[in-house]
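Student: Following this message is one structure expressed as structure tokens.
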Amino acid sequence: MSEKLDGVIVATALPYAEDASAPAGLRPDLDKYAEHCRWVIENGCRGVGPNGSLGEYSSLTDDERRAVARTAIEAVGADGIVVVGVHGVGAHQARSWAEKAAEDGAHGVLCLPPTMYRANRGEVVHHFTEVAKAGLPVMVYNNPLDTKVDLTPDLLAEIAQIENVVAVKEFSGDVRRILEIREKAPELTVVAGADDLTLEALLMGATGWFAGFPNVFPAESVRLFNLALAGELDEARALYEPLVASFRWDSRVEFVQAIKWAMDYVGRYGGPCRPPRGPLVPEHVAQLEQDMKRAVESLA
């Protein structure tokens, strides 16, 4: 299989429109979402990732979740790739989402270990084996902070043997993992999962970035990615350092609200979130505004 799921893929935020008849009074604004998907591709990103954590997949109805994925696939067309989030509590649910993604024309899927359950090694391997049966390239997602399941380099070596598993989104926050994964599972594409560790991960051999802040700064993020891959370290650092304070929000509990707020700040549309996410508290807004001001000034 030639698709490696590398490059800059944006974990797209989902805009809502007010609608009293919709859950929590907000319905996914699919027209705005399609425009956003096209915008990040036009700004040089390789692909989009609908229905990730940043896309609030767990706050959507099943019908909404599928409609969001289809909207991204249609909007991107032949100009990029779409890697659909298929996270589920059990292997049967995640596999079902992966099969729908395959039917709808996705290029790959992103999948966490079982959510809401601390799965053991055998259960994790079974989960990804089932998802891979849908036939699409699979990017497994290591986020031990949220799932309490750690896809260690040793475990990834086993998971990498599953047919169709091609990549890992690494969000442990431990940059030492990158080289160890490359040693133990050399066939896997290593994808930077935390925006505030992107440059470090790319310098250690990651070749993908599944990214949050490119919702805000797509062209500049692609430039950072290309500089890092080309080994242009001085230029990459000069671009990265003033952005990192804003990028750190990608690793915080409030990352969805923060990235949507940042989109509003730069004149895009971020808008509100569905529960359980409420608005940012005033001290977070003050800090985020300071971080974004520094980022925007540096890019100007």
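To be explicit about the labels: the chains of the structure tokens are called A, B, and onward in the order shown, and within each one the residues are counted from 1, while ligands get numbers from 1 in the order they are shown.
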Name the residues in contact with Leu60 (chain A) at a cut-off of 10 Å, using only C-alpha atoms, excluding same-chain residues fewer than 6 positions from it; report them as a PDB file with N, CA, C and O atoms, in the first residue's frame.
Tutor:
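Once written, part-v2.pdb looks like this:
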ATOM      1  N   PRO A  23     -29.250  19.439  18.632  1.00  0.00           N
ATOM      2  CA  PRO A  23     -28.698  19.173  19.970  1.00  0.00           C
ATOM      3  C   PRO A  23     -27.925  20.379  20.498  1.00  0.00           C
ATOM      4  O   PRO A  23     -27.111  20.960  19.777  1.00  0.00           O
ATOM      5  N   ARG A  27     -26.287  23.305  15.258  1.00  0.00           N
ATOM      6  CA  ARG A  27     -26.142  22.247  14.252  1.00  0.00           C
ATOM      7  C   ARG A  27     -24.848  22.475  13.485  1.00  0.00           C
ATOM      8  O   ARG A  27     -24.428  23.621  13.289  1.00  0.00           O
ATOM      9  N   PRO A  28     -24.183  21.397  13.066  1.00  0.00           N
ATOM     10  CA  PRO A  28     -22.976  21.570  12.255  1.00  0.00           C
ATOM     11  C   PRO A  28     -23.290  22.404  11.015  1.00  0.00           C
ATOM     12  O   PRO A  28     -24.261  22.120  10.301  1.00  0.00           O
ATOM     13  N   ASN A  51     -13.826  14.700  12.243  1.00  0.00           N
ATOM     14  CA  ASN A  51     -14.265  13.816  13.341  1.00  0.00           C
ATOM     15  C   ASN A  51     -13.129  13.356  14.242  1.00  0.00           C
ATOM     16  O   ASN A  51     -13.133  12.243  14.754  1.00  0.00           O
ATOM     17  N   ARG A  66     -21.397  11.275  10.272  1.00  0.00           N
ATOM     18  CA  ARG A  66     -21.184  10.805   8.900  1.00  0.00           C
ATOM     19  C   ARG A  66     -21.279  11.955   7.900  1.00  0.00           C
ATOM     20  O   ARG A  66     -20.501  12.027   6.935  1.00  0.00           O
ATOM     21  N   VAL A  68     -20.494  15.039   8.377  1.00  0.00           N
ATOM     22  CA  VAL A  68     -19.260  15.833   8.465  1.00  0.00           C
ATOM     23  C   VAL A  68     -18.162  15.174   7.627  1.00  0.00           C
ATOM     24  O   VAL A  68     -17.457  15.839   6.849  1.00  0.00           O
ATOM     25  N   ARG A 274     -20.102  22.604  21.351  1.00  0.00           N
ATOM     26  CA  ARG A 274     -21.177  21.889  22.036  1.00  0.00           C
ATOM     27  C   ARG A 274     -20.688  21.403  23.397  1.00  0.00           C
ATOM     28  O   ARG A 274     -19.491  21.195  23.594  1.00  0.00           O
TER      29      ARG A 274
END
Student: At a cut-off of 10 Å, can you tabulate as a tab-separated table every residue of region 183-221 of chain A near region 255-271 of chain A together with its closest atom pair and the distance in Å to one decimal, using only C-alpha atoms and ordering rows by chain then number?
Tutor:
residue	atom	partner	partner_atom	distance
A:Gly212	CA	A:Ile259	CA	7.2
A:Phe213	CA	A:Ile259	CA	6.5
A:Pro214	CA	A:Ile259	CA	9.4
A:Asn215	CA	A:Met263	CA	7.0
A:Val216	CA	A:Met263	CA	5.1
A:Phe217	CA	A:Met263	CA	8.7
Student: Next, write the just-selected residues to a file, as a tab-separated table (two decimals), in the first residue's frame, keeping N, CA, C and O atoms as the atom set.
Tutor:
chain	number	residue	atom	x	y	z
A	212	GLY	N	-3.42	20.83	14.89
A	212	GLY	CA	-4.51	21.66	15.35
A	212	GLY	C	-4.42	23.10	14.88
A	212	GLY	O	-5.34	23.65	14.28
A	213	PHE	N	-3.28	23.75	15.16
A	213	PHE	CA	-3.17	25.18	14.85
A	213	PHE	C	-3.12	25.53	13.37
A	213	PHE	O	-3.39	26.68	13.01
A	214	PRO	N	-2.82	24.59	12.47
A	214	PRO	CA	-3.01	24.93	11.05
A	214	PRO	C	-4.45	25.29	10.68
A	214	PRO	O	-4.70	25.80	9.59
A	215	ASN	N	-5.42	25.05	11.58
A	215	ASN	CA	-6.76	25.63	11.38
A	215	ASN	C	-6.68	27.16	11.38
A	215	ASN	O	-7.55	27.82	10.82
A	216	VAL	N	-5.66	27.68	12.05
A	216	VAL	CA	-5.49	29.13	12.22
A	216	VAL	C	-4.44	29.66	11.26
A	216	VAL	O	-4.62	30.71	10.62
A	217	PHE	N	-3.30	28.94	11.16
A	217	PHE	CA	-2.14	29.39	10.37
A	217	PHE	C	-1.73	28.29	9.37
A	217	PHE	O	-0.66	27.71	9.51
Student: Could you name the residues that touch Trp209 (chain A) at 6 Å or less, counting only C-alpha atoms, but leaving out those on the same chain fewer than 3 positions away, as a VMD selection string?
Tutor: chain A and resid 8 191 to 192
Student: Need to verify the contact set: Gly205 (chain A), 10 Å, only C-alpha atoms, exclusion of same-chain residues closer than 3 positions in sequence. Can you return it as a list in words?
Tutor: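 My reading of the contact set: Ile178, Leu179, Ile181, Arg182, Thr189, Val190, Val191, Ala192, Glu200, Ala201, Leu202, Gly208, Ala228 and Leu229 of chain A.
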Student: Save out the residues we just selected, N, CA and C atoms, as a PDB file, in the first residue's frame.
Tutor:
ATOM      1  N   ILE A 178      10.182   9.094  19.395  1.00  0.00           N
ATOM      2  CA  ILE A 178      10.206   9.118  17.924  1.00  0.00           C
ATOM      3  C   ILE A 178      11.268   8.162  17.377  1.00  0.00           C
ATOM      4  N   LEU A 179      12.494   8.285  17.871  1.00  0.00           N
ATOM      5  CA  LEU A 179      13.568   7.414  17.374  1.00  0.00           C
ATOM      6  C   LEU A 179      13.312   5.961  17.747  1.00  0.00           C
ATOM      7  N   ILE A 181      10.403   4.472  18.128  1.00  0.00           N
ATOM      8  CA  ILE A 181       9.373   3.936  17.223  1.00  0.00           C
ATOM      9  C   ILE A 181       9.998   3.621  15.871  1.00  0.00           C
ATOM     10  N   ARG A 182      10.852   4.513  15.395  1.00  0.00           N
ATOM     11  CA  ARG A 182      11.483   4.293  14.086  1.00  0.00           C
ATOM     12  C   ARG A 182      12.389   3.059  14.111  1.00  0.00           C
ATOM     13  N   THR A 189       4.848   5.356   9.426  1.00  0.00           N
ATOM     14  CA  THR A 189       5.027   6.804   9.367  1.00  0.00           C
ATOM     15  C   THR A 189       4.815   7.345  10.777  1.00  0.00           C
ATOM     16  N   VAL A 190       5.784   8.109  11.277  1.00  0.00           N
ATOM     17  CA  VAL A 190       5.606   8.739  12.595  1.00  0.00           C
ATOM     18  C   VAL A 190       5.071  10.145  12.368  1.00  0.00           C
ATOM     19  N   VAL A 191       3.949  10.434  13.009  1.00  0.00           N
ATOM     20  CA  VAL A 191       3.233  11.695  12.799  1.00  0.00           C
ATOM     21  C   VAL A 191       3.249  12.491  14.104  1.00  0.00           C
ATOM     22  N   ALA A 192       3.732  13.720  14.024  1.00  0.00           N
ATOM     23  CA  ALA A 192       3.713  14.601  15.194  1.00  0.00           C
ATOM     24  C   ALA A 192       2.264  14.872  15.566  1.00  0.00           C
ATOM     25  N   GLU A 200      10.530  19.541  17.080  1.00  0.00           N
ATOM     26  CA  GLU A 200      11.365  18.510  17.701  1.00  0.00           C
ATOM     27  C   GLU A 200      11.088  17.136  17.082  1.00  0.00           C
ATOM     28  N   ALA A 201       9.798  16.826  16.890  1.00  0.00           N
ATOM     29  CA  ALA A 201       9.423  15.530  16.318  1.00  0.00           C
ATOM     30  C   ALA A 201       9.932  15.394  14.880  1.00  0.00           C
ATOM     31  N   LEU A 202       9.788  16.455  14.090  1.00  0.00           N
ATOM     32  CA  LEU A 202      10.224  16.402  12.692  1.00  0.00           C
ATOM     33  C   LEU A 202      11.741  16.252  12.603  1.00  0.00           C
ATOM     34  N   GLY A 208       5.135  13.334   9.300  1.00  0.00           N
ATOM     35  CA  GLY A 208       3.763  13.828   9.230  1.00  0.00           C
ATOM     36  C   GLY A 208       3.482  14.716  10.423  1.00  0.00           C
ATOM     37  N   ALA A 228      11.587  22.243   8.309  1.00  0.00           N
ATOM     38  CA  ALA A 228      12.105  21.207   9.215  1.00  0.00           C
ATOM     39  C   ALA A 228      12.552  19.983   8.424  1.00  0.00           C
ATOM     40  N   LEU A 229      11.729  19.557   7.463  1.00  0.00           N
ATOM     41  CA  LEU A 229      12.082  18.382   6.669  1.00  0.00           C
ATOM     42  C   LEU A 229      13.324  18.622   5.814  1.00  0.00           C
TER      43      LEU A 229
END
Student: I'd like the neighbourhood of Lys148 (chain A) as a compact mmCIF listing (two decimals) with N, CA and C atoms, in the first residue's frame, where a residue qualifies if any of its atoms comes within 9 Å (using only C-alpha atoms), though same-chain residues fewer than 5 positions away should be ignored.
Tutor:
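Just written: selection_16.txt:
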# COMPACT_ATOMS: atom_id res chain seq x y z
N MET A 116 -12.92 5.35 26.65
CA MET A 116 -13.72 5.13 27.87
C MET A 116 -13.51 3.76 28.51
N TYR A 117 -12.41 3.09 28.15
CA TYR A 117 -12.11 1.79 28.76
C TYR A 117 -10.60 1.59 28.66
N ARG A 118 -10.00 1.21 29.77
CA ARG A 118 -8.54 1.06 29.78
C ARG A 118 -8.18 -0.33 29.26
N ALA A 119 -8.04 -0.45 27.95
CA ALA A 119 -7.84 -1.73 27.30
C ALA A 119 -6.44 -2.29 27.57
N ASN A 143 -2.64 8.63 22.53
CA ASN A 143 -2.91 9.77 23.40
C ASN A 143 -3.15 9.25 24.81
Student: Quick one: pull the distance between CA of Ala34 (chain A) and CA of Glu220 (chain A), Å, one decimal.
Tutor: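 A separation of 21.0 Å between them.
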Student: Tell me which protein, DNA and RNA residues are within 12 Å of Leu156 (chain A), counting only C-alpha atoms, leaving out same-chain ones fewer than 6 positions away, and put them as a PyMOL selection string.
Tutor: chain A and resi 113+121+124-125+128+139-142+150+162+165-170+177-178+180-190
Student: Calculate how many Å separate CA of Lys4 (chain A) from CA of Asp63 (chain A), rounding to one decimal.
Tutor: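 A separation of 28.9 Å between them.
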Student: Tell me, as a list in words, which residues lie within 12 Å of Glu235 (chain A), counting only C-alpha atoms; anything in the same chain fewer than 3 positions away does not count.
Tutor: Leu199, Arg223, Leu224, Phe225, Asn226, Leu227, Ala228, Leu229, Ala230, Gly231, Glu232, Ala238, Leu239, Tyr240 and Glu241 of chain A
Student: Using CA of Thr147 (chain A) and CA of Val253 (chain A) as the two end points, give the distance in Å to one decimal.
Tutor: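 Computed distance, CA of Thr147 (chain A) to CA of Val253 (chain A), equals 13.2 Å.
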Student: With a cut-off of 10 Å, could you pull out the residues of region 7-81 of chain A touching region 276-295 of chain A and give me the nearest pair of atoms for each, distance in Å to one decimal, using only C-alpha atoms, ordered by chain and ascending number, as CSV?
Tutor:
residue,atom,partner,partner_atom,distance
A:Glu56,CA,A:Arg277,CA,9.2
A:Ser58,CA,A:Pro276,CA,9.7
A:Ser59,CA,A:Pro276,CA,7.9
Student: How about saving the chosen residues, N, CA and C atoms kept, as a compact mmCIF listing (two decimals), in the first residue's frame?
Tutor:
# COMPACT_ATOMS: atom_id res chain seq x y z
N GLU A 56 -14.83 17.57 17.67
CA GLU A 56 -15.91 17.31 18.65
C GLU A 56 -16.75 16.09 18.27
N SER A 58 -17.31 13.33 19.59
CA SER A 58 -18.08 12.67 20.65
C SER A 58 -19.33 13.46 21.05
N SER A 59 -19.45 14.69 20.53
CA SER A 59 -20.66 15.50 20.80
C SER A 59 -21.65 15.47 19.64
Student: Please determine, counting only C-alpha atoms, which residue among A:Val222, A:Leu112, A:Ala22, A:Val84 has the shortest atom-to-atom distance to Pro137 (chain A).
Tutor: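 Nearest candidate to Pro137 (chain A) out of A:Val222, A:Leu112, A:Ala22, A:Val84: A:Val84.
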Student: Can you check which residues of region 162-207 of chain A DSSP gives as alpha helix (DSSP H) on the backbone and send them as JSON, numbers by chain?
Tutor: {"A": [176, 177, 178, 179, 180, 181, 182, 183, 184, 198, 199, 200, 201, 202, 203]}
Student: Please produce an output containing C-alpha atoms for each residue in the selection, written as a PDB file, in the first residue's frame.
Tutor:
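Output (part-v3.pdb):
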ATOM      1  CA  ARG A 176      12.428  10.354  22.855  1.00  0.00           C
ATOM      2  CA  ARG A 177       9.716   8.053  21.531  1.00  0.00           C
ATOM      3  CA  ILE A 178      10.206   9.118  17.924  1.00  0.00           C
ATOM      4  CA  LEU A 179      13.568   7.414  17.374  1.00  0.00           C
ATOM      5  CA  GLU A 180      12.491   4.365  19.369  1.00  0.00           C
ATOM      6  CA  ILE A 181       9.373   3.936  17.223  1.00  0.00           C
ATOM      7  CA  ARG A 182      11.483   4.293  14.086  1.00  0.00           C
ATOM      8  CA  GLU A 183      13.832   1.589  15.401  1.00  0.00           C
ATOM      9  CA  LYS A 184      11.112  -0.865  16.480  1.00  0.00           C
ATOM     10  CA  THR A 198       6.245  19.581  16.090  1.00  0.00           C
ATOM     11  CA  LEU A 199       9.701  20.868  15.218  1.00  0.00           C
ATOM     12  CA  GLU A 200      11.365  18.510  17.701  1.00  0.00           C
ATOM     13  CA  ALA A 201       9.423  15.530  16.318  1.00  0.00           C
ATOM     14  CA  LEU A 202      10.224  16.402  12.692  1.00  0.00           C
ATOM     15  CA  LEU A 203      13.930  16.784  13.482  1.00  0.00           C
TER      16      LEU A 203
END
Student: Taking the DSSP assignment computed from this structure's backbone, write out as a VMD selection string all residues of region 23-202 of chain A that belong to strand (DSSP E).
Tutor: chain A and resid 26 to 28 47 to 49 81 to 85 108 to 111 138 to 142 165 to 170 189 to 192
